[in-house]
Each structure stands twice: as structure tokens, then as C-alpha cells.
>>> print(open('entry.txt').read())   # compact mmCIF, C-alpha atoms
# COMPACT_ATOMS: atom_id res chain seq x y z
CA MET A 408 -44.06 102.09 -1.79
CA GLU A 409 -40.95 99.96 -2.20
CA ALA A 410 -38.91 102.49 -0.23
CA ILE A 411 -41.50 102.42 2.59
CA PHE A 412 -41.40 98.61 2.62
CA LEU A 413 -37.60 98.63 2.94
CA GLU A 414 -37.81 101.18 5.74
CA TYR A 415 -40.35 99.05 7.60
CA ALA A 416 -38.23 95.92 7.10
CA TRP A 417 -35.14 97.70 8.46
CA VAL A 418 -36.99 99.00 11.54
CA LEU A 419 -38.39 95.49 12.16
CA ILE A 420 -34.84 94.08 12.13
CA VAL A 421 -33.72 96.80 14.56
CA LEU A 422 -36.69 96.02 16.83
CA ILE A 423 -35.90 92.29 16.79
CA VAL A 424 -32.29 93.02 17.81
CA LEU A 425 -33.53 95.43 20.51
CA GLU A 426 -36.03 92.87 21.80
CA GLY A 427 -33.28 90.26 21.81
CA LEU A 428 -31.12 92.48 24.02
CA LEU A 429 -34.05 93.21 26.35
CA ALA A 430 -34.91 89.49 26.38
CA ALA A 431 -31.45 88.66 27.73
CA ASP A 432 -31.80 90.53 31.03
CA ASN A 433 -35.51 89.71 31.32
CA ALA A 434 -34.70 86.01 30.84
CA VAL A 435 -32.18 86.07 33.70
CA VAL A 436 -34.90 87.40 36.00
CA MET A 437 -37.36 84.69 34.91
CA ALA A 438 -34.71 81.95 35.28
CA VAL A 439 -33.90 83.07 38.83
CA MET A 440 -37.60 83.18 39.74
CA VAL A 441 -38.30 79.57 38.68
CA LYS A 442 -34.97 77.98 39.66
CA HIS A 443 -36.21 76.69 43.03
CA LEU A 444 -39.01 74.66 41.40
CA PRO A 445 -38.64 71.00 40.34
CA LYS A 446 -37.40 70.73 36.74
CA GLY A 447 -40.78 69.73 35.33
CA GLN A 448 -42.48 72.68 37.01
CA GLN A 449 -39.73 75.07 35.90
CA GLN A 450 -40.68 74.53 32.26
CA LYS A 451 -44.39 74.89 33.02
CA ALA A 452 -43.81 78.14 34.92
CA LEU A 453 -41.76 79.51 32.02
CA LEU A 454 -44.48 78.41 29.58
CA TYR A 455 -47.15 80.24 31.58
CA GLY A 456 -44.78 83.20 31.75
CA LEU A 457 -44.53 83.11 27.95
CA VAL A 458 -48.32 83.15 27.61
CA GLY A 459 -48.53 86.02 30.07
CA ALA A 460 -45.81 87.93 28.22
CA PHE A 461 -47.75 87.57 24.95
CA ILE A 462 -50.92 88.85 26.59
CA PHE A 463 -49.26 91.75 28.44
CA ARG A 464 -47.30 92.94 25.43
CA PHE A 465 -50.38 92.76 23.21
CA ALA A 466 -52.42 94.64 25.82
CA ALA A 467 -49.60 97.15 26.34
CA LEU A 468 -49.61 97.95 22.62
CA PHE A 469 -53.31 98.84 22.77
CA LEU A 470 -52.96 100.72 26.04
CA ILE A 471 -49.54 102.32 25.60
CA THR A 472 -50.97 105.83 25.28
CA THR A 473 -52.63 105.25 28.68
CA LEU A 474 -49.85 103.23 30.34
CA VAL A 475 -47.19 105.87 29.70
CA ASN A 476 -49.04 108.11 32.15
CA PHE A 477 -48.59 105.62 35.02
CA TRP A 478 -44.99 105.71 36.22
CA GLN A 479 -46.07 103.60 39.20
CA ILE A 480 -46.08 100.41 37.07
CA GLN A 481 -42.36 100.55 36.42
CA ALA A 482 -41.69 101.87 39.93
CA ILE A 483 -43.31 98.75 41.43
CA GLY A 484 -41.35 96.52 39.05
CA ALA A 485 -38.08 98.25 39.93
CA ALA A 486 -38.78 98.04 43.69
CA TYR A 487 -39.67 94.34 43.46
CA LEU A 488 -36.54 93.38 41.48
CA LEU A 489 -34.27 95.42 43.78
CA PHE A 490 -35.90 93.87 46.86
CA MET A 491 -35.48 90.35 45.46
CA SER A 492 -31.83 90.97 44.63
CA ILE A 493 -30.91 92.62 47.97
CA LYS A 494 -32.79 89.99 49.99
CA HIS A 495 -31.02 87.10 48.28
CA ILE A 496 -27.56 88.65 48.74
CA TYR A 497 -28.32 89.48 52.39
CA ASP A 498 -29.62 85.96 53.08
CA SER A 499 -26.59 84.41 51.35
CA ARG A 500 -24.13 86.48 53.40
CA LYS A 501 -26.01 85.68 56.60
CA ALA A 502 -26.00 81.96 55.79
CA SER A 503 -22.26 81.96 55.05
CA GLN A 504 -21.53 83.74 58.35
CA ASN A 505 -23.58 81.15 60.23
CA SER A 506 -22.41 78.18 58.15
CA GLU A 507 -21.45 76.18 61.22
CA GLU A 508 -24.96 76.40 62.63
CA VAL A 509 -27.71 74.07 61.45
CA GLN A 510 -29.77 76.09 59.01
CA GLU A 511 -33.43 75.27 58.60
CA PRO A 512 -34.36 75.24 54.90
CA LYS A 513 -36.38 78.31 54.05
CA LYS A 514 -39.79 77.86 52.56
CA LYS A 515 -39.82 78.68 48.86
CA SER A 516 -42.74 80.01 46.86
CA GLY A 517 -45.06 77.32 45.48
CA PHE A 518 -45.71 76.77 41.78
CA TRP A 519 -48.66 79.12 41.36
CA MET A 520 -47.15 81.86 43.51
CA THR A 521 -44.01 81.63 41.36
CA VAL A 522 -46.15 81.94 38.23
CA VAL A 523 -47.82 85.05 39.72
CA LYS A 524 -44.38 86.59 40.41
CA VAL A 525 -43.24 85.83 36.86
CA GLU A 526 -46.39 87.44 35.46
CA LEU A 527 -45.93 90.56 37.61
CA ALA A 528 -42.37 90.90 36.29
CA ASP A 529 -43.76 90.43 32.78
CA ILE A 530 -46.00 93.48 33.23
CA ALA A 531 -43.04 95.72 34.05
CA PHE A 532 -41.01 94.21 31.19
CA ALA A 533 -43.92 94.63 28.76
CA VAL A 534 -44.10 98.37 29.43
CA ASP A 535 -40.31 98.68 29.20
CA SER A 536 -40.25 96.78 25.90
CA ILE A 537 -43.15 98.64 24.30
CA LEU A 538 -41.80 102.07 25.29
CA ALA A 539 -38.51 101.21 23.59
CA ALA A 540 -40.35 99.91 20.51
CA VAL A 541 -42.56 103.00 20.28
CA ALA A 542 -39.51 105.28 20.34
CA ILE A 543 -38.24 103.53 17.19
CA ALA A 544 -41.50 102.75 15.36
CA VAL A 545 -42.88 106.30 15.50
CA THR A 546 -40.12 107.34 13.09
CA LEU A 547 -41.80 105.24 10.36
CA PRO A 548 -44.10 106.86 7.79
CA HIS A 549 -47.82 106.25 8.32
CA ILE A 550 -49.57 103.65 6.19
CA GLY A 551 -53.18 104.68 5.61
CA ASP A 552 -55.33 106.58 8.08
CA PHE A 553 -56.20 103.63 10.32
CA ASP A 554 -55.01 103.76 13.95
CA ILE A 555 -54.86 101.02 16.60
CA GLY A 556 -54.59 102.07 20.22
CA GLY A 557 -53.70 105.60 19.17
CA ILE A 558 -50.84 104.32 16.95
CA ASN A 559 -50.80 104.09 13.15
CA ALA A 560 -51.71 100.58 11.99
CA GLY A 561 -48.43 100.12 10.10
CA GLN A 562 -46.35 101.17 13.09
CA PHE A 563 -48.51 98.99 15.36
CA ALA A 564 -47.92 95.92 13.16
CA VAL A 565 -44.13 96.39 13.24
CA MET A 566 -44.11 96.81 17.05
CA PHE A 567 -46.36 93.77 17.46
CA LEU A 568 -44.14 91.51 15.32
CA GLY A 569 -40.98 92.73 17.04
CA GLY A 570 -42.55 92.21 20.47
CA ILE A 571 -43.76 88.67 19.73
CA ILE A 572 -40.38 87.61 18.37
CA GLY A 573 -38.76 89.16 21.45
CA VAL A 574 -41.01 87.13 23.77
CA ILE A 575 -40.10 83.90 21.97
CA MET A 576 -36.39 84.72 22.31
CA MET A 577 -36.91 85.47 26.01
CA ARG A 578 -38.54 82.05 26.53
CA PHE A 579 -35.63 80.13 24.99
CA ALA A 580 -33.06 82.34 26.70
CA ALA A 581 -34.74 81.73 30.08
CA ARG A 582 -34.56 77.95 29.58
CA TRP A 583 -30.86 78.26 28.74
CA PHE A 584 -30.18 80.38 31.83
CA VAL A 585 -31.98 77.83 34.06
CA LYS A 586 -29.65 75.11 32.73
CA ILE A 587 -26.59 77.32 33.31
CA LEU A 588 -27.69 78.01 36.91
CA ASP A 589 -28.17 74.27 37.49
CA LYS A 590 -24.69 73.53 36.12
CA PHE A 591 -22.98 76.36 38.01
CA PRO A 592 -24.92 76.96 41.27
CA SER A 593 -22.39 79.58 42.38
CA LEU A 594 -23.58 81.75 39.48
CA GLU A 595 -26.80 82.38 41.40
CA THR A 596 -25.36 85.39 43.22
CA ALA A 597 -24.25 86.94 39.91
CA ALA A 598 -27.71 86.25 38.51
CA PHE A 599 -29.33 88.07 41.43
CA LEU A 600 -26.91 90.98 40.94
CA ILE A 601 -28.13 91.16 37.34
CA VAL A 602 -31.71 91.09 38.62
CA GLY A 603 -30.89 94.07 40.82
CA TRP A 604 -29.19 95.87 37.93
CA VAL A 605 -32.30 95.35 35.77
CA GLY A 606 -34.25 96.84 38.69
CA VAL A 607 -31.93 99.87 38.52
CA LYS A 608 -32.74 100.17 34.80
CA LEU A 609 -36.47 100.24 35.55
CA ALA A 610 -35.82 102.75 38.35
CA VAL A 611 -33.98 105.03 35.90
CA LEU A 612 -36.94 104.81 33.50
CA THR A 613 -39.27 105.69 36.36
CA LEU A 614 -37.21 108.68 37.52
CA ALA A 615 -37.09 109.95 33.94
CA HIS A 616 -40.88 109.81 33.57
CA GLU A 617 -42.37 113.10 32.43
CA LYS A 618 -44.58 113.31 35.53
CA LEU A 619 -41.60 112.93 37.88
CA GLY A 620 -38.76 114.59 35.99
CA VAL A 621 -36.14 113.68 38.61
CA ILE A 622 -33.66 113.05 35.78
CA PRO A 623 -33.88 114.17 32.12
CA HIS A 624 -36.56 112.33 30.14
CA GLU A 625 -34.09 111.49 27.35
CA PHE A 626 -31.44 109.97 29.66
CA PRO A 627 -32.68 106.31 29.68
CA HIS A 628 -32.50 106.30 25.87
CA SER A 629 -29.11 107.98 25.65
CA THR A 630 -26.05 106.19 24.29
CA VAL A 631 -24.15 106.89 27.52
CA TRP A 632 -26.72 105.16 29.73
CA LYS A 633 -27.26 102.23 27.35
CA ALA A 634 -23.52 101.65 27.07
CA THR A 635 -23.12 101.91 30.85
CA PHE A 636 -25.96 99.47 31.47
CA TRP A 637 -24.63 96.80 29.11
CA ILE A 638 -20.97 97.16 30.14
CA ILE A 639 -21.89 96.64 33.81
CA LEU A 640 -24.29 93.79 33.01
CA VAL A 641 -21.66 91.96 30.93
CA ALA A 642 -19.05 92.60 33.64
CA ILE A 643 -21.34 91.05 36.29
CA ALA A 644 -22.09 88.05 34.08
CA LEU A 645 -18.44 87.50 33.11
CA GLY A 646 -17.21 87.93 36.69
CA GLY A 647 -19.88 85.53 37.96
CA TYR A 648 -18.99 82.96 35.29
CA LEU A 649 -15.27 83.06 36.08
CA VAL A 650 -15.94 82.72 39.82
CA GLY A 651 -18.41 79.89 39.14
CA VAL A 652 -15.93 77.94 37.00
CA LYS A 653 -13.18 78.46 39.60
CA ASN A 654 -15.42 77.24 42.44
CA GLN A 655 -16.51 74.17 40.48
CA LYS A 656 -12.90 73.22 39.73
CA GLN A 657 -12.03 73.57 43.42
CA GLN A 658 -14.94 71.28 44.36
CA GLU A 659 -13.84 68.66 41.83
CA GLN A 660 -10.28 68.56 43.21
>>> encode(input="entry.txt", output="C-alpha cells")
Amino acid sequence: MEAIFLEYAWVLIVLIVLEGLLAADNAVVMAVMVKHLPKGQQQKALLYGLVGAFIFRFAALFLITTLVNFWQIQAIGAAYLLFMSIKHIYDSRKASQNSEEVQEPKKKSGFWMTVVKVELADIAFAVDSILAAVAIAVTLPHIGDFDIGGINAGQFAVMFLGGIIGVIMMRFAARWFVKILDKFPSLETAAFLIVGWVGVKLAVLTLAHEKLGVIPHEFPHSTVWKATFWIILVAIALGGYLVGVKNQKQQEQ
């Protein structure tokens, strides 16, 4: 029993680290979504997003054996994030080309529409997070004969704890990213590039779905893909930061 406890504790630590990594890119998306709101509303939108993330991850745990059959959920999430990223970059380039013309401020989404968008992103992230957690937790030995949502109760408990801790990390990370974007406005383009890259990650998961089989099912969980994803994400973030600092220094001169 002691050996099983140690194994469960180790897997929980691994899940918390995994959720922390997933929370980083998810938090960038949430920060970008709420950035246009007044500061007071930004925190409220993130709070509602946190509540939604709790609910969706809890529901996803119960429904994971059903959700894994619907590749459309992640496909919609991928399409939405890619659209948001491409649209922002296109609009930014268009605005810079017409900088001498008087630009009418574009209407931004209101508070509740922003909350809806954050919740929709949460659904895609919940499925992504739970699928990753299931891949690790199923290696644990069963505790008892009791199942929850088609998953052994012991495995379910570990995934639930890891998921909840991950959501809390995502909330605080999102608040930090909002502050960074306020301090370095020129980082917004890099943030939207990261949003698009996260959309690519969801697209890869979709294409690897068993019902599509466009790419090998194991590819999204391979070391090569994970390393590629994080190297490019860090490169985008670092490049954006350096450009942002350079631009701010030029403005201060």
C-alpha cells in the first residue's frame, strides 16, 4: 500500500507540472481575450473564466470517455484561436500601412461576450488538459473496484486534483500576463502569435484523433512534437519580449 501511495504521489506531482505547463499557454490566450476590458472588468472576466474552467474540467472528467469521440470540440477551438490570431495580425499590418489615415476605433467585445469567448476557450482547454492527464493517470494501479465516469476512482481523484491545481495556476498566470501586456503593449503581437501557435497544437491533436487519423495518433504526445512546441513558443515569447523592451526604450528617448 505504501508503494502505491508513493506512486500516486509521484504521478500527482507530474500532473501538477504538466498542468502548469499547459496553464502557461492557456493563460496567454485568456490574457489576450480580456485585455481590451477596463482593469476592473478584466479581473472579473478572469474570475468567471476560472469558475468556468473548474466546471468544464470537472465535467470533462466525468464525460471523458464520451468526449474523446468528438474531435469537433478541439477542431472548433483550434479554428477559433487561429482565426483570432490571424485576424489580429492582419488588422495590425493594415493599420500600420494606413497609419497616416484617421482610423476609427474598432468596436471591441463587451464584458459578457468576452466572458463567453473565455468560456468557449476553456472548453477546448479542458479537453486538452484531461486527455493529457488521462494518458498519465491510466498507468496507475487501480484502487478498489469503484469507477467514476468510466475511470477508476483512484485515478479519477489524482486527475481531479491535478486539474484543479492547474486551473488555479492558470488564473494567476493570466493575471500576470495581463500586467505584462499593459506594461509592454508591443508584446501584444507576440501574444497573438502564441495564441495562434496554441491553435496549431489543438489542430495537431484534432488531426491525430482516432476517427480522423490524418497524422499518427501518438504524434501529439511524442517527445519530438512536445519539444518542438515549447521551443517555438519560448522563441516567440523571448523574441516578443526583446522587441517590446527595445520599442519601449525608443519611446522613452
>>> atom_distance(input="entry.txt", atom1="CA of Lys451 in chain A", atom2="CA of Lys590 in chain A")
20.0 Å
>>> atom_distance(input="entry.txt", atom1="CA of Tyr415 in chain A", atom2="CA of Leu547 in chain A")
6.9 Å
>>> residues_near_point(input="entry.txt", point="(-36.1, 76.7, 41.7)", cutoff="12 Å", atoms="all atoms listed in the file", output="list in words")
Met437, Ala438, Val439, Met440, Val441, Lys442, His443, Leu444, Pro445, Lys446, Gly447, Gln448, Gln449, Gln450, Ala452, Leu453, Lys514, Lys515, Ser516, Gly517, Phe518, Thr521, Val522, Val585, Lys586, Leu588, Asp589, Pro592 and Glu595 of chain A
>>> residues_around(input="entry.txt", residues="range 455-469 of chain A", least_positions_apart="2", cutoff="7 Å", atoms="only C-alpha atoms", output="MDAnalysis selection string")
chainID A and resid 451:453 471 522 525:526 529:530 533:534 537 555:556 570:571 574 578
>>> closest_residue(input="entry.txt", among="A:His616, A:Val641, A:His624, A:Gly603", to="Met491 in chain A", atoms="only C-alpha atoms")
A:Gly603
>>> residues_around(input="entry.txt", residues="Leu600 in chain A", least_positions_apart="4", cutoff="7 Å", atoms="only C-alpha atoms", output="PyMOL selection string")
chain A and resi 492+596+604
>>> write_last_selection(input="entry.txt", atoms="C-alpha atoms", output="PDB file, in the frame of the given file")
ATOM      1  CA  SER A 492     -31.830  90.970  44.630  1.00  0.00           C
ATOM      2  CA  THR A 596     -25.360  85.390  43.220  1.00  0.00           C
ATOM      3  CA  TRP A 604     -29.190  95.870  37.930  1.00  0.00           C
TER       4      TRP A 604
END
>>> closest_residue(input="entry.txt", among="A:Val602, A:Ile572, A:Ala580, A:Leu454", to="Val424 in chain A", atoms="only C-alpha atoms")
A:Ile572
>>> atom_distance(input="entry.txt", atom1="CA of Ala528 in chain A", atom2="CA of Tyr497 in chain A")
21.4 Å
>>> closest_residue(input="entry.txt", among="A:Ile601, A:Leu640, A:Ala544, A:Val436", to="Leu419 in chain A", atoms="all atoms listed in the file")
A:Ala544
>>> axis_aligned_box(input="entry.txt", around="range 644-656 of chain A", padding_each_side="3 Å", output="lines of an AutoDock Vina configuration file")
center_x = -17.5
center_y = 80.6
center_z = 37.8
size_x = 15.2
size_y = 20.8
size_z = 15.3
>>> closest_residue(input="entry.txt", among="A:Phe636, A:Phe532, A:Phe591, A:Trp417", to="Val565 in chain A", atoms="only C-alpha atoms")
A:Trp417
>>> residues_near_point(input="entry.txt", point="(-19.7, 90.7, 37.2)", cutoff="12 Å", atoms="all atoms listed in the file", output="list in words")
Leu594, Glu595, Thr596, Ala597, Ala598, Phe599, Leu600, Ile601, Trp604, Trp637, Ile638, Ile639, Leu640, Val641, Ala642, Ile643, Ala644, Leu645, Gly646, Gly647, Tyr648, Leu649, Val650 and Gly651 of chain A
>>> closest_residue(input="entry.txt", among="A:Phe553, A:Phe563, A:Trp519, A:Phe584", to="Leu470 in chain A", atoms="only C-alpha atoms")
A:Phe563
>>> closest_residue(input="entry.txt", among="A:Ala485, A:Glu409, A:Phe567, A:Lys501", to="Leu422 in chain A", atoms="only C-alpha atoms")
A:Phe567
>>> residues_around(input="entry.txt", residues="Phe626 in chain A", least_positions_apart="3", cutoff="9 Å", atoms="all atoms listed in the file", output="PyMOL selection string")
chain A and resi 611-612+615+622-623+629-632
>>> decode(input="entry.txt", residues="range 455-467 of chain A", atoms="all heavy atoms", output="short mmCIF file (atom, residue, chain, number, x, y, z; two decimals), in the first residue's frame")
data_model
loop_
_atom_site.label_atom_id
_atom_site.label_comp_id
_atom_site.auth_asym_id
_atom_site.auth_seq_id
_atom_site.Cartn_x
_atom_site.Cartn_y
_atom_site.Cartn_z
N TYR A 455 -14.61 34.76 -13.68
CA TYR A 455 -15.65 33.93 -14.28
C TYR A 455 -15.04 32.83 -15.14
O TYR A 455 -15.56 31.70 -15.20
CB TYR A 455 -16.59 34.79 -15.13
CG TYR A 455 -17.43 35.76 -14.33
CD1 TYR A 455 -17.86 36.97 -14.87
CD2 TYR A 455 -17.78 35.49 -13.02
CE1 TYR A 455 -18.62 37.87 -14.14
CE2 TYR A 455 -18.54 36.37 -12.27
CZ TYR A 455 -18.95 37.57 -12.84
OH TYR A 455 -19.70 38.45 -12.11
N GLY A 456 -13.92 33.15 -15.79
CA GLY A 456 -13.22 32.13 -16.57
C GLY A 456 -12.70 31.03 -15.68
O GLY A 456 -12.73 29.85 -16.05
N LEU A 457 -12.24 31.39 -14.48
CA LEU A 457 -11.76 30.40 -13.52
C LEU A 457 -12.89 29.47 -13.09
O LEU A 457 -12.73 28.24 -13.05
CB LEU A 457 -11.17 31.10 -12.29
CG LEU A 457 -10.73 30.20 -11.13
CD1 LEU A 457 -9.55 29.33 -11.54
CD2 LEU A 457 -10.38 31.01 -9.89
N VAL A 458 -14.04 30.06 -12.79
CA VAL A 458 -15.21 29.26 -12.40
C VAL A 458 -15.60 28.31 -13.53
O VAL A 458 -15.86 27.12 -13.32
CB VAL A 458 -16.40 30.17 -12.03
CG1 VAL A 458 -17.66 29.33 -11.78
CG2 VAL A 458 -16.07 31.00 -10.79
N GLY A 459 -15.61 28.86 -14.75
CA GLY A 459 -15.95 28.03 -15.91
C GLY A 459 -14.95 26.91 -16.11
O GLY A 459 -15.32 25.77 -16.42
N ALA A 460 -13.66 27.22 -15.91
CA ALA A 460 -12.62 26.20 -16.07
C ALA A 460 -12.79 25.08 -15.06
O ALA A 460 -12.61 23.90 -15.38
CB ALA A 460 -11.24 26.83 -15.93
N PHE A 461 -13.14 25.42 -13.82
CA PHE A 461 -13.42 24.40 -12.80
C PHE A 461 -14.55 23.49 -13.27
O PHE A 461 -14.45 22.26 -13.22
CB PHE A 461 -13.83 25.06 -11.48
CG PHE A 461 -12.69 25.32 -10.54
CD1 PHE A 461 -12.30 26.61 -10.24
CD2 PHE A 461 -11.99 24.28 -9.96
CE1 PHE A 461 -11.26 26.87 -9.37
CE2 PHE A 461 -10.94 24.52 -9.08
CZ PHE A 461 -10.57 25.81 -8.80
N ILE A 462 -15.63 24.12 -13.71
CA ILE A 462 -16.82 23.36 -14.11
C ILE A 462 -16.52 22.46 -15.31
O ILE A 462 -16.85 21.27 -15.32
CB ILE A 462 -17.99 24.32 -14.44
CG1 ILE A 462 -18.43 25.06 -13.17
CG2 ILE A 462 -19.17 23.55 -15.05
CD1 ILE A 462 -19.42 26.17 -13.43
N PHE A 463 -15.87 23.03 -16.33
CA PHE A 463 -15.61 22.27 -17.55
C PHE A 463 -14.64 21.11 -17.31
O PHE A 463 -14.80 20.03 -17.86
CB PHE A 463 -15.09 23.19 -18.65
CG PHE A 463 -16.09 24.18 -19.14
CD1 PHE A 463 -15.75 25.50 -19.36
CD2 PHE A 463 -17.40 23.79 -19.40
CE1 PHE A 463 -16.69 26.42 -19.80
CE2 PHE A 463 -18.35 24.70 -19.84
CZ PHE A 463 -18.00 26.02 -20.04
N ARG A 464 -13.62 21.36 -16.49
CA ARG A 464 -12.68 20.27 -16.22
C ARG A 464 -13.33 19.16 -15.39
O ARG A 464 -13.07 17.98 -15.61
CB ARG A 464 -11.43 20.82 -15.51
CG ARG A 464 -10.40 21.35 -16.49
CD ARG A 464 -9.38 22.23 -15.81
NE ARG A 464 -8.32 22.64 -16.72
CZ ARG A 464 -8.45 23.50 -17.70
NH1 ARG A 464 -9.64 24.06 -17.93
NH2 ARG A 464 -7.45 23.83 -18.49
N PHE A 465 -14.17 19.55 -14.44
CA PHE A 465 -14.88 18.56 -13.63
C PHE A 465 -15.83 17.76 -14.51
O PHE A 465 -15.90 16.52 -14.43
CB PHE A 465 -15.66 19.27 -12.52
CG PHE A 465 -16.22 18.33 -11.49
CD1 PHE A 465 -15.37 17.61 -10.65
CD2 PHE A 465 -17.58 18.15 -11.36
CE1 PHE A 465 -15.88 16.74 -9.70
CE2 PHE A 465 -18.10 17.28 -10.42
CZ PHE A 465 -17.24 16.57 -9.58
N ALA A 466 -16.56 18.47 -15.39
CA ALA A 466 -17.48 17.78 -16.30
C ALA A 466 -16.72 16.90 -17.29
O ALA A 466 -17.14 15.77 -17.59
CB ALA A 466 -18.33 18.80 -17.06
N ALA A 467 -15.55 17.41 -17.77
CA ALA A 467 -14.77 16.64 -18.73
C ALA A 467 -14.27 15.34 -18.14
O ALA A 467 -14.18 14.32 -18.82
CB ALA A 467 -13.60 17.48 -19.24
#
